[in-house]
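Here the structure is laid out as structure tokens; the discussion comes afterwards.
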Amino acid sequence: MPGKDAEATTIEDQPRQVRAWYGLPGEIVVESGHWHLVKVGPLPLPHPPVINRLIRRGLPREEKLRLSYWHELGHLQTLPLALAHAVWLWHGRSRRPRPWMGRLIRLAAALVAHEAAWELASETYVVTKSGPRYRRLHRKYPNPLRPAFWVGMAGLALVGTVFFVRKQSQGQ
Ligand SMILES: [Zn+2]
């Protein structure tokens, strides 16, 4: 690719066509910090690269791309976990009739919790894949948004899940 020198070779070594451990094929293209293409089977995965942009700020370009690639791959690899969480939320939901606004708020909480849990799972995959390099890199290029990501996502996942599920015992 013109204008892309040796720093991009590592990320270009990563396969575009991938297969998750449970057999689902996917496609991942991380060409810049701003444009990601992720497909699960024939379906594009609705996922903004916002998280990658925030938590990779300050890293050298090649590391940024590599970690972003693994993060997107992590979404594919942890999809069963994300689905299990969604099914668990759905089972735990309250069946009590409520006003539309209340339902919408609870649905939004569930979606936020689901997305946050999936982000955590995916980034945990990156940590596992990178090993000690992950911590070394982030120590060398500190970014306050990174700890904020872990704390914020864990908080959203927990609060959203508890908010969505707890009403069952109160409501029935
Ligand atoms: Zn993500």
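For the structure tokens, the naming scheme is as follows: chains receive sequential letters (A, B, ...) according to their order of presentation, residues are indexed from 1 within each chain, and ligands are indexed from 1 in presentation order.
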Which residues are near ligand 1 - at most 10 Å, using only C-alpha atoms and all ligand atoms? Format: as an mmCIF file with N, CA and C atoms, in the first residue's frame.
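Output below, filename result-v1.cif:
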```
data_model
loop_
_atom_site.group_PDB
_atom_site.id
_atom_site.type_symbol
_atom_site.label_atom_id
_atom_site.label_comp_id
_atom_site.auth_asym_id
_atom_site.auth_seq_id
_atom_site.Cartn_x
_atom_site.Cartn_y
_atom_site.Cartn_z
ATOM 1 N N HIS A 47 -20.237 -2.396 15.275
ATOM 2 C CA HIS A 47 -19.343 -2.070 16.383
ATOM 3 C C HIS A 47 -18.453 -0.886 16.023
ATOM 4 N N PRO A 48 -18.643 0.226 16.731
ATOM 5 C CA PRO A 48 -17.814 1.406 16.411
ATOM 6 C C PRO A 48 -16.395 1.231 16.942
ATOM 7 N N PRO A 49 -15.378 1.730 16.229
ATOM 8 C CA PRO A 49 -14.008 1.593 16.693
ATOM 9 C C PRO A 49 -13.639 2.629 17.751
ATOM 10 N N VAL A 50 -14.660 3.212 18.375
ATOM 11 C CA VAL A 50 -14.443 4.278 19.356
ATOM 12 C C VAL A 50 -13.528 3.817 20.491
ATOM 13 N N ILE A 51 -13.811 2.629 21.006
ATOM 14 C CA ILE A 51 -13.041 2.110 22.142
ATOM 15 C C ILE A 51 -11.569 1.980 21.762
ATOM 16 N N ASN A 52 -11.326 1.402 20.596
ATOM 17 C CA ASN A 52 -9.941 1.244 20.143
ATOM 18 C C ASN A 52 -9.243 2.588 20.042
ATOM 19 N N ARG A 53 -9.956 3.576 19.535
ATOM 20 C CA ARG A 53 -9.337 4.898 19.371
ATOM 21 C C ARG A 53 -8.994 5.517 20.719
ATOM 22 N N SER A 68 -5.546 -3.163 18.019
ATOM 23 C CA SER A 68 -6.912 -2.965 17.516
ATOM 24 C C SER A 68 -7.390 -4.212 16.780
ATOM 25 N N TRP A 70 -6.417 -7.291 17.296
ATOM 26 C CA TRP A 70 -6.717 -8.335 18.285
ATOM 27 C C TRP A 70 -8.005 -8.039 19.029
ATOM 28 N N HIS A 71 -8.245 -6.770 19.275
ATOM 29 C CA HIS A 71 -9.487 -6.402 19.960
ATOM 30 C C HIS A 71 -10.699 -6.814 19.114
ATOM 31 N N GLU A 72 -10.627 -6.519 17.811
ATOM 32 C CA GLU A 72 -11.743 -6.885 16.927
ATOM 33 C C GLU A 72 -11.863 -8.399 16.838
ATOM 34 N N LEU A 73 -10.716 -9.087 16.751
ATOM 35 C CA LEU A 73 -10.736 -10.544 16.751
ATOM 36 C C LEU A 73 -11.313 -11.059 18.070
ATOM 37 N N GLY A 74 -10.982 -10.348 19.147
ATOM 38 C CA GLY A 74 -11.501 -10.705 20.465
ATOM 39 C C GLY A 74 -13.026 -10.678 20.499
ATOM 40 N N HIS A 75 -13.631 -9.729 19.771
ATOM 41 C CA HIS A 75 -15.097 -9.687 19.720
ATOM 42 C C HIS A 75 -15.641 -10.965 19.094
ATOM 43 N N GLU A 115 -23.054 -4.364 25.929
ATOM 44 C CA GLU A 115 -21.929 -3.822 25.148
ATOM 45 C C GLU A 115 -20.673 -3.694 26.025
ATOM 46 N N ALA A 116 -20.863 -3.204 27.262
ATOM 47 C CA ALA A 116 -19.723 -3.024 28.165
ATOM 48 C C ALA A 116 -19.087 -4.374 28.502
ATOM 49 N N ALA A 117 -19.912 -5.376 28.752
ATOM 50 C CA ALA A 117 -19.382 -6.704 29.089
ATOM 51 C C ALA A 117 -18.597 -7.268 27.905
ATOM 52 N N TRP A 118 -19.102 -7.032 26.698
ATOM 53 C CA TRP A 118 -18.430 -7.556 25.501
ATOM 54 C C TRP A 118 -17.096 -6.831 25.267
ATOM 55 N N GLU A 119 -17.077 -5.513 25.533
ATOM 56 C CA GLU A 119 -15.827 -4.758 25.419
ATOM 57 C C GLU A 119 -14.780 -5.301 26.388
ATOM 58 N N LEU A 120 -15.230 -5.568 27.622
ATOM 59 C CA LEU A 120 -14.300 -6.096 28.626
ATOM 60 C C LEU A 120 -13.758 -7.448 28.192
ATOM 61 N N ALA A 121 -14.644 -8.302 27.685
ATOM 62 C CA ALA A 121 -14.232 -9.645 27.258
ATOM 63 C C ALA A 121 -13.214 -9.541 26.125
ATOM 64 N N SER A 122 -13.522 -8.642 25.184
ATOM 65 C CA SER A 122 -12.679 -8.490 24.010
ATOM 66 C C SER A 122 -11.298 -7.945 24.369
ATOM 67 N N GLU A 123 -11.264 -6.963 25.267
ATOM 68 C CA GLU A 123 -9.979 -6.382 25.656
ATOM 69 C C GLU A 123 -9.202 -7.350 26.548
#
```
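Using only C-alpha atoms for every distance, the candidate list A:Ser130, A:Thr161, A:Gln14, A:Gln77 yields A:Thr161 as the residue closest to Leu111 of chain A.
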Shell around Glu27 of chain A at 6 Å using only C-alpha atoms, local window under 4 positions removed, as a compact mmCIF listing (two decimals) with N, CA and C atoms, in the first residue's frame:
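out_32.txt, freshly written:
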```
# COMPACT_ATOMS: atom_id res chain seq x y z
N ARG A 16 -6.68 -11.57 7.07
CA ARG A 16 -7.94 -10.83 6.96
C ARG A 16 -9.12 -11.79 7.21
N GLN A 17 -8.99 -12.98 6.66
CA GLN A 17 -10.02 -13.99 6.88
C GLN A 17 -9.65 -14.78 8.13
N VAL A 18 -10.55 -14.85 9.08
CA VAL A 18 -10.25 -15.56 10.32
C VAL A 18 -11.36 -16.56 10.62
N VAL A 38 -15.25 -5.33 10.29
CA VAL A 38 -15.33 -6.62 10.96
C VAL A 38 -16.60 -7.31 10.50
N LYS A 39 -16.45 -8.53 10.01
CA LYS A 39 -17.63 -9.29 9.58
C LYS A 39 -17.65 -10.62 10.30
```
**Item:** Selected residue of minimal separation from Ala84 of chain A among A:Met101, A:Leu145, A:Gly160, A:His114, counting only C-alpha atoms
**Value:**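 Counting only C-alpha atoms, the residue closest to Ala84 of chain A is A:His114.
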Give me every alpha helix (DSSP H) residue in segment 4-161 of chain A, going by DSSP on the backbone, as an mmCIF file with N, CA and C atoms, in the first residue's frame.
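The file below, part04.cif, is the result:
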```cif
data_model
loop_
_atom_site.group_PDB
_atom_site.id
_atom_site.type_symbol
_atom_site.label_atom_id
_atom_site.label_comp_id
_atom_site.auth_asym_id
_atom_site.auth_seq_id
_atom_site.Cartn_x
_atom_site.Cartn_y
_atom_site.Cartn_z
ATOM 1 N N THR A 9 3.965 -3.610 8.271
ATOM 2 C CA THR A 9 4.064 -5.001 7.816
ATOM 3 C C THR A 9 3.484 -5.970 8.837
ATOM 4 N N THR A 10 3.705 -5.715 10.090
ATOM 5 C CA THR A 10 3.234 -6.672 11.092
ATOM 6 C C THR A 10 1.719 -6.824 11.054
ATOM 7 N N ILE A 11 1.035 -5.705 10.991
ATOM 8 C CA ILE A 11 -0.423 -5.795 10.982
ATOM 9 C C ILE A 11 -0.897 -6.443 9.682
ATOM 10 N N GLU A 12 -0.158 -6.202 8.598
ATOM 11 C CA GLU A 12 -0.576 -6.809 7.335
ATOM 12 C C GLU A 12 -0.282 -8.298 7.289
ATOM 13 N N ASP A 13 0.560 -8.751 8.223
ATOM 14 C CA ASP A 13 0.790 -10.190 8.337
ATOM 15 C C ASP A 13 -0.404 -10.909 8.958
ATOM 16 N N VAL A 50 -14.660 3.212 18.375
ATOM 17 C CA VAL A 50 -14.443 4.278 19.356
ATOM 18 C C VAL A 50 -13.528 3.817 20.491
ATOM 19 N N ILE A 51 -13.811 2.629 21.006
ATOM 20 C CA ILE A 51 -13.041 2.110 22.142
ATOM 21 C C ILE A 51 -11.569 1.980 21.762
ATOM 22 N N ASN A 52 -11.326 1.402 20.596
ATOM 23 C CA ASN A 52 -9.941 1.244 20.143
ATOM 24 C C ASN A 52 -9.243 2.588 20.042
ATOM 25 N N ARG A 53 -9.956 3.576 19.535
ATOM 26 C CA ARG A 53 -9.337 4.898 19.371
ATOM 27 C C ARG A 53 -8.994 5.517 20.719
ATOM 28 N N LEU A 54 -9.904 5.361 21.682
ATOM 29 C CA LEU A 54 -9.676 5.975 22.997
ATOM 30 C C LEU A 54 -8.550 5.292 23.760
ATOM 31 N N ILE A 55 -8.594 3.954 23.816
ATOM 32 C CA ILE A 55 -7.633 3.302 24.701
ATOM 33 C C ILE A 55 -6.280 3.080 24.041
ATOM 34 N N ARG A 61 2.004 3.700 16.053
ATOM 35 C CA ARG A 61 1.008 3.296 15.075
ATOM 36 C C ARG A 61 0.889 1.770 14.901
ATOM 37 N N GLU A 62 2.041 1.117 14.812
ATOM 38 C CA GLU A 62 1.977 -0.319 14.555
ATOM 39 C C GLU A 62 1.345 -1.080 15.724
ATOM 40 N N GLU A 63 1.700 -0.651 16.938
ATOM 41 C CA GLU A 63 1.120 -1.291 18.131
ATOM 42 C C GLU A 63 -0.383 -1.033 18.194
ATOM 43 N N LYS A 64 -0.729 0.199 17.840
ATOM 44 C CA LYS A 64 -2.134 0.585 17.841
ATOM 45 C C LYS A 64 -2.937 -0.327 16.909
ATOM 46 N N LEU A 65 -2.391 -0.529 15.706
ATOM 47 C CA LEU A 65 -3.094 -1.351 14.723
ATOM 48 C C LEU A 65 -3.151 -2.814 15.160
ATOM 49 N N ARG A 66 -2.019 -3.284 15.694
ATOM 50 C CA ARG A 66 -1.972 -4.685 16.102
ATOM 51 C C ARG A 66 -2.974 -4.958 17.224
ATOM 52 N N LEU A 67 -2.956 -4.088 18.243
ATOM 53 C CA LEU A 67 -3.865 -4.290 19.374
ATOM 54 C C LEU A 67 -5.319 -4.112 18.946
ATOM 55 N N SER A 68 -5.546 -3.163 18.019
ATOM 56 C CA SER A 68 -6.912 -2.965 17.516
ATOM 57 C C SER A 68 -7.390 -4.212 16.780
ATOM 58 N N TYR A 69 -6.509 -4.806 15.993
ATOM 59 C CA TYR A 69 -6.848 -6.029 15.265
ATOM 60 C C TYR A 69 -7.237 -7.130 16.260
ATOM 61 N N TRP A 70 -6.417 -7.291 17.296
ATOM 62 C CA TRP A 70 -6.717 -8.335 18.285
ATOM 63 C C TRP A 70 -8.005 -8.039 19.029
ATOM 64 N N HIS A 71 -8.245 -6.770 19.275
ATOM 65 C CA HIS A 71 -9.487 -6.402 19.960
ATOM 66 C C HIS A 71 -10.699 -6.814 19.114
ATOM 67 N N GLU A 72 -10.627 -6.519 17.811
ATOM 68 C CA GLU A 72 -11.743 -6.885 16.927
ATOM 69 C C GLU A 72 -11.863 -8.399 16.838
ATOM 70 N N LEU A 73 -10.716 -9.087 16.751
ATOM 71 C CA LEU A 73 -10.736 -10.544 16.751
ATOM 72 C C LEU A 73 -11.313 -11.059 18.070
ATOM 73 N N GLY A 74 -10.982 -10.348 19.147
ATOM 74 C CA GLY A 74 -11.501 -10.705 20.465
ATOM 75 C C GLY A 74 -13.026 -10.678 20.499
ATOM 76 N N HIS A 75 -13.631 -9.729 19.771
ATOM 77 C CA HIS A 75 -15.097 -9.687 19.720
ATOM 78 C C HIS A 75 -15.641 -10.965 19.094
ATOM 79 N N LEU A 76 -14.976 -11.436 18.053
ATOM 80 C CA LEU A 76 -15.408 -12.671 17.389
ATOM 81 C C LEU A 76 -15.196 -13.874 18.321
ATOM 82 N N GLN A 77 -14.040 -13.908 18.970
ATOM 83 C CA GLN A 77 -13.713 -15.059 19.821
ATOM 84 C C GLN A 77 -14.584 -15.126 21.071
ATOM 85 N N LEU A 79 -17.693 -13.904 21.264
ATOM 86 C CA LEU A 79 -19.120 -13.784 20.919
ATOM 87 C C LEU A 79 -20.005 -14.754 21.723
ATOM 88 N N PRO A 80 -19.599 -16.030 21.909
ATOM 89 C CA PRO A 80 -20.444 -16.927 22.702
ATOM 90 C C PRO A 80 -20.665 -16.414 24.126
ATOM 91 N N LEU A 81 -19.627 -15.792 24.684
ATOM 92 C CA LEU A 81 -19.732 -15.240 26.032
ATOM 93 C C LEU A 81 -20.731 -14.078 26.047
ATOM 94 N N ALA A 82 -20.617 -13.212 25.021
ATOM 95 C CA ALA A 82 -21.516 -12.060 24.914
ATOM 96 C C ALA A 82 -22.961 -12.537 24.745
ATOM 97 N N LEU A 83 -23.147 -13.590 23.941
ATOM 98 C CA LEU A 83 -24.500 -14.111 23.728
ATOM 99 C C LEU A 83 -25.043 -14.733 25.015
ATOM 100 N N ALA A 84 -24.163 -15.439 25.741
ATOM 101 C CA ALA A 84 -24.589 -16.052 27.006
ATOM 102 C C ALA A 84 -25.042 -14.968 27.984
ATOM 103 N N HIS A 85 -24.298 -13.866 28.015
ATOM 104 C CA HIS A 85 -24.665 -12.749 28.895
ATOM 105 C C HIS A 85 -26.020 -12.174 28.483
ATOM 106 N N ALA A 86 -26.229 -12.037 27.155
ATOM 107 C CA ALA A 86 -27.500 -11.488 26.655
ATOM 108 C C ALA A 86 -28.669 -12.418 27.014
ATOM 109 N N VAL A 87 -28.456 -13.724 26.851
ATOM 110 C CA VAL A 87 -29.516 -14.689 27.165
ATOM 111 C C VAL A 87 -29.819 -14.653 28.664
ATOM 112 N N TRP A 88 -28.758 -14.556 29.455
ATOM 113 C CA TRP A 88 -28.920 -14.499 30.914
ATOM 114 C C TRP A 88 -29.706 -13.254 31.320
ATOM 115 N N LEU A 89 -29.383 -12.112 30.678
ATOM 116 C CA LEU A 89 -30.121 -10.866 30.951
ATOM 117 C C LEU A 89 -31.594 -11.046 30.600
ATOM 118 N N TRP A 90 -31.827 -11.643 29.420
ATOM 119 C CA TRP A 90 -33.195 -11.818 28.923
ATOM 120 C C TRP A 90 -34.005 -12.686 29.872
ATOM 121 N N HIS A 91 -33.375 -13.735 30.407
ATOM 122 C CA HIS A 91 -34.071 -14.618 31.343
ATOM 123 C C HIS A 91 -34.358 -13.938 32.663
ATOM 124 N N GLY A 92 -33.444 -13.047 33.037
ATOM 125 C CA GLY A 92 -33.592 -12.387 34.326
ATOM 126 C C GLY A 92 -34.539 -11.210 34.289
ATOM 127 N N TRP A 100 -44.155 2.522 29.160
ATOM 128 C CA TRP A 100 -43.194 2.450 28.047
ATOM 129 C C TRP A 100 -41.844 3.036 28.396
ATOM 130 N N MET A 101 -41.898 4.193 29.094
ATOM 131 C CA MET A 101 -40.632 4.864 29.395
ATOM 132 C C MET A 101 -39.755 3.987 30.278
ATOM 133 N N GLY A 102 -40.364 3.376 31.272
ATOM 134 C CA GLY A 102 -39.623 2.477 32.165
ATOM 135 C C GLY A 102 -39.012 1.325 31.391
ATOM 136 N N ARG A 103 -39.786 0.772 30.463
ATOM 137 C CA ARG A 103 -39.289 -0.343 29.654
ATOM 138 C C ARG A 103 -38.105 0.073 28.802
ATOM 139 N N LEU A 104 -38.242 1.273 28.215
ATOM 140 C CA LEU A 104 -37.162 1.770 27.349
ATOM 141 C C LEU A 104 -35.876 1.978 28.140
ATOM 142 N N ILE A 105 -36.024 2.546 29.339
ATOM 143 C CA ILE A 105 -34.841 2.801 30.169
ATOM 144 C C ILE A 105 -34.170 1.476 30.535
ATOM 145 N N ARG A 106 -35.011 0.492 30.888
ATOM 146 C CA ARG A 106 -34.446 -0.811 31.266
ATOM 147 C C ARG A 106 -33.788 -1.498 30.080
ATOM 148 N N LEU A 107 -34.403 -1.338 28.906
ATOM 149 C CA LEU A 107 -33.819 -1.929 27.706
ATOM 150 C C LEU A 107 -32.472 -1.272 27.387
ATOM 151 N N ALA A 108 -32.426 0.059 27.541
ATOM 152 C CA ALA A 108 -31.175 0.790 27.290
ATOM 153 C C ALA A 108 -30.098 0.324 28.272
ATOM 154 N N ALA A 109 -30.479 0.128 29.544
ATOM 155 C CA ALA A 109 -29.517 -0.347 30.547
ATOM 156 C C ALA A 109 -28.975 -1.717 30.159
ATOM 157 N N ALA A 110 -29.871 -2.569 29.658
ATOM 158 C CA ALA A 110 -29.445 -3.919 29.260
ATOM 159 C C ALA A 110 -28.479 -3.850 28.086
ATOM 160 N N LEU A 111 -28.775 -2.988 27.117
ATOM 161 C CA LEU A 111 -27.904 -2.867 25.948
ATOM 162 C C LEU A 111 -26.526 -2.336 26.331
ATOM 163 N N VAL A 112 -26.516 -1.332 27.205
ATOM 164 C CA VAL A 112 -25.248 -0.757 27.661
ATOM 165 C C VAL A 112 -24.441 -1.815 28.423
ATOM 166 N N ALA A 113 -25.127 -2.549 29.309
ATOM 167 C CA ALA A 113 -24.447 -3.591 30.090
ATOM 168 C C ALA A 113 -23.871 -4.658 29.166
ATOM 169 N N HIS A 114 -24.646 -5.024 28.157
ATOM 170 C CA HIS A 114 -24.219 -6.049 27.211
ATOM 171 C C HIS A 114 -22.987 -5.592 26.430
ATOM 172 N N GLU A 115 -23.054 -4.364 25.929
ATOM 173 C CA GLU A 115 -21.929 -3.822 25.148
ATOM 174 C C GLU A 115 -20.673 -3.694 26.025
ATOM 175 N N ALA A 116 -20.863 -3.204 27.262
ATOM 176 C CA ALA A 116 -19.723 -3.024 28.165
ATOM 177 C C ALA A 116 -19.087 -4.374 28.502
ATOM 178 N N ALA A 117 -19.912 -5.376 28.752
ATOM 179 C CA ALA A 117 -19.382 -6.704 29.089
ATOM 180 C C ALA A 117 -18.597 -7.268 27.905
ATOM 181 N N TRP A 118 -19.102 -7.032 26.698
ATOM 182 C CA TRP A 118 -18.430 -7.556 25.501
ATOM 183 C C TRP A 118 -17.096 -6.831 25.267
ATOM 184 N N GLU A 119 -17.077 -5.513 25.533
ATOM 185 C CA GLU A 119 -15.827 -4.758 25.419
ATOM 186 C C GLU A 119 -14.780 -5.301 26.388
ATOM 187 N N LEU A 120 -15.230 -5.568 27.622
ATOM 188 C CA LEU A 120 -14.300 -6.096 28.626
ATOM 189 C C LEU A 120 -13.758 -7.448 28.192
ATOM 190 N N ALA A 121 -14.644 -8.302 27.685
ATOM 191 C CA ALA A 121 -14.232 -9.645 27.258
ATOM 192 C C ALA A 121 -13.214 -9.541 26.125
ATOM 193 N N SER A 122 -13.522 -8.642 25.184
ATOM 194 C CA SER A 122 -12.679 -8.490 24.010
ATOM 195 C C SER A 122 -11.298 -7.945 24.369
ATOM 196 N N GLU A 123 -11.264 -6.963 25.267
ATOM 197 C CA GLU A 123 -9.979 -6.382 25.656
ATOM 198 C C GLU A 123 -9.202 -7.350 26.548
ATOM 199 N N THR A 124 -9.906 -8.181 27.302
ATOM 200 C CA THR A 124 -9.237 -9.224 28.081
ATOM 201 C C THR A 124 -8.541 -10.206 27.136
ATOM 202 N N TYR A 125 -9.188 -10.462 26.008
ATOM 203 C CA TYR A 125 -8.565 -11.309 24.985
ATOM 204 C C TYR A 125 -7.256 -10.671 24.498
ATOM 205 N N VAL A 126 -7.265 -9.346 24.290
ATOM 206 C CA VAL A 126 -6.046 -8.632 23.860
ATOM 207 C C VAL A 126 -4.941 -8.789 24.910
ATOM 208 N N VAL A 127 -5.304 -8.621 26.184
ATOM 209 C CA VAL A 127 -4.332 -8.738 27.275
ATOM 210 C C VAL A 127 -3.730 -10.142 27.277
ATOM 211 N N THR A 128 -4.570 -11.148 27.139
ATOM 212 C CA THR A 128 -4.107 -12.532 27.131
ATOM 213 C C THR A 128 -3.166 -12.773 25.963
ATOM 214 N N LYS A 129 -3.553 -12.241 24.806
ATOM 215 C CA LYS A 129 -2.783 -12.449 23.589
ATOM 216 C C LYS A 129 -1.431 -11.712 23.659
ATOM 217 N N SER A 130 -1.413 -10.517 24.246
ATOM 218 C CA SER A 130 -0.176 -9.724 24.287
ATOM 219 C C SER A 130 0.762 -10.146 25.401
ATOM 220 N N PRO A 132 2.921 -10.010 28.776
ATOM 221 C CA PRO A 132 3.539 -8.909 29.533
ATOM 222 C C PRO A 132 3.761 -7.662 28.687
ATOM 223 N N ARG A 133 3.796 -7.839 27.359
ATOM 224 C CA ARG A 133 4.001 -6.712 26.457
ATOM 225 C C ARG A 133 2.909 -5.653 26.626
ATOM 226 N N TYR A 134 1.699 -6.104 26.918
ATOM 227 C CA TYR A 134 0.564 -5.189 27.081
ATOM 228 C C TYR A 134 0.860 -4.181 28.190
ATOM 229 N N ARG A 135 1.302 -4.707 29.336
ATOM 230 C CA ARG A 135 1.560 -3.822 30.472
ATOM 231 C C ARG A 135 2.786 -2.940 30.216
ATOM 232 N N ARG A 136 3.809 -3.544 29.605
ATOM 233 C CA ARG A 136 5.031 -2.783 29.306
ATOM 234 C C ARG A 136 4.722 -1.597 28.400
ATOM 235 N N LEU A 137 3.964 -1.875 27.349
ATOM 236 C CA LEU A 137 3.605 -0.827 26.383
ATOM 237 C C LEU A 137 2.859 0.306 27.060
ATOM 238 N N HIS A 138 1.909 -0.103 27.902
ATOM 239 C CA HIS A 138 1.058 0.917 28.493
ATOM 240 C C HIS A 138 1.757 1.683 29.609
ATOM 241 N N ARG A 139 2.810 1.060 30.150
ATOM 242 C CA ARG A 139 3.608 1.785 31.127
ATOM 243 C C ARG A 139 4.476 2.815 30.404
ATOM 244 N N LYS A 140 4.950 2.430 29.233
ATOM 245 C CA LYS A 140 5.813 3.315 28.454
ATOM 246 C C LYS A 140 5.029 4.479 27.856
ATOM 247 N N LEU A 145 -7.013 7.313 29.804
ATOM 248 C CA LEU A 145 -8.283 6.762 29.342
ATOM 249 C C LEU A 145 -8.318 5.237 29.471
ATOM 250 N N ARG A 146 -7.128 4.645 29.587
ATOM 251 C CA ARG A 146 -7.089 3.180 29.629
ATOM 252 C C ARG A 146 -7.620 2.643 30.961
ATOM 253 N N PRO A 147 -7.069 3.121 32.108
ATOM 254 C CA PRO A 147 -7.687 2.677 33.369
ATOM 255 C C PRO A 147 -9.153 3.078 33.442
ATOM 256 N N ALA A 148 -9.476 4.252 32.873
ATOM 257 C CA ALA A 148 -10.871 4.699 32.881
ATOM 258 C C ALA A 148 -11.743 3.708 32.114
ATOM 259 N N PHE A 149 -11.185 3.128 31.042
ATOM 260 C CA PHE A 149 -11.931 2.140 30.261
ATOM 261 C C PHE A 149 -12.290 0.934 31.132
ATOM 262 N N TRP A 150 -11.285 0.395 31.842
ATOM 263 C CA TRP A 150 -11.528 -0.817 32.648
ATOM 264 C C TRP A 150 -12.535 -0.537 33.750
ATOM 265 N N VAL A 151 -12.319 0.579 34.456
ATOM 266 C CA VAL A 151 -13.222 0.898 35.568
ATOM 267 C C VAL A 151 -14.619 1.227 35.035
ATOM 268 N N GLY A 152 -14.649 2.060 33.973
ATOM 269 C CA GLY A 152 -15.930 2.504 33.419
ATOM 270 C C GLY A 152 -16.743 1.348 32.855
ATOM 271 N N MET A 153 -16.101 0.492 32.072
ATOM 272 C CA MET A 153 -16.825 -0.619 31.447
ATOM 273 C C MET A 153 -17.304 -1.625 32.496
ATOM 274 N N ALA A 154 -16.413 -1.893 33.487
ATOM 275 C CA ALA A 154 -16.814 -2.828 34.549
ATOM 276 C C ALA A 154 -18.017 -2.254 35.297
ATOM 277 N N GLY A 155 -17.980 -0.961 35.557
ATOM 278 C CA GLY A 155 -19.078 -0.293 36.255
ATOM 279 C C GLY A 155 -20.371 -0.361 35.455
ATOM 280 N N LEU A 156 -20.283 -0.035 34.156
ATOM 281 C CA LEU A 156 -21.482 -0.049 33.306
ATOM 282 C C LEU A 156 -22.057 -1.459 33.196
ATOM 283 N N ALA A 157 -21.162 -2.441 33.039
ATOM 284 C CA ALA A 157 -21.612 -3.827 32.902
ATOM 285 C C ALA A 157 -22.328 -4.268 34.181
ATOM 286 N N LEU A 158 -21.728 -3.922 35.305
ATOM 287 C CA LEU A 158 -22.276 -4.355 36.586
ATOM 288 C C LEU A 158 -23.581 -3.629 36.909
ATOM 289 N N VAL A 159 -23.530 -2.306 36.823
ATOM 290 C CA VAL A 159 -24.715 -1.511 37.192
ATOM 291 C C VAL A 159 -25.874 -1.818 36.229
ATOM 292 N N GLY A 160 -25.569 -1.868 34.923
ATOM 293 C CA GLY A 160 -26.615 -2.154 33.930
ATOM 294 C C GLY A 160 -27.235 -3.515 34.160
ATOM 295 N N THR A 161 -26.388 -4.506 34.425
ATOM 296 C CA THR A 161 -26.883 -5.870 34.634
ATOM 297 C C THR A 161 -27.745 -5.941 35.885
#
```
**Item:** Filtered DSSP result for segment 4-136 of chain A, state strand (DSSP E or B), as a ChimeraX atom specification
**Value:** /A:17-19,25-32,35-40,43-44
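Computed from the coordinates, the atom CA of Gly26 of chain A to atom CA of Gly41 of chain A distance equals 5.3 Å.
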**Interatomic distance (Å, one decimal) between atom CA of Arg56 of chain A and atom CA of Pro42 of chain A** =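 Separation between atom CA of Arg56 of chain A and atom CA of Pro42 of chain A: 28.1 Å.
Coordinates place atom CA of Ile28 of chain A at a distance of 21.6 Å from atom CA of Gly131 of chain A.
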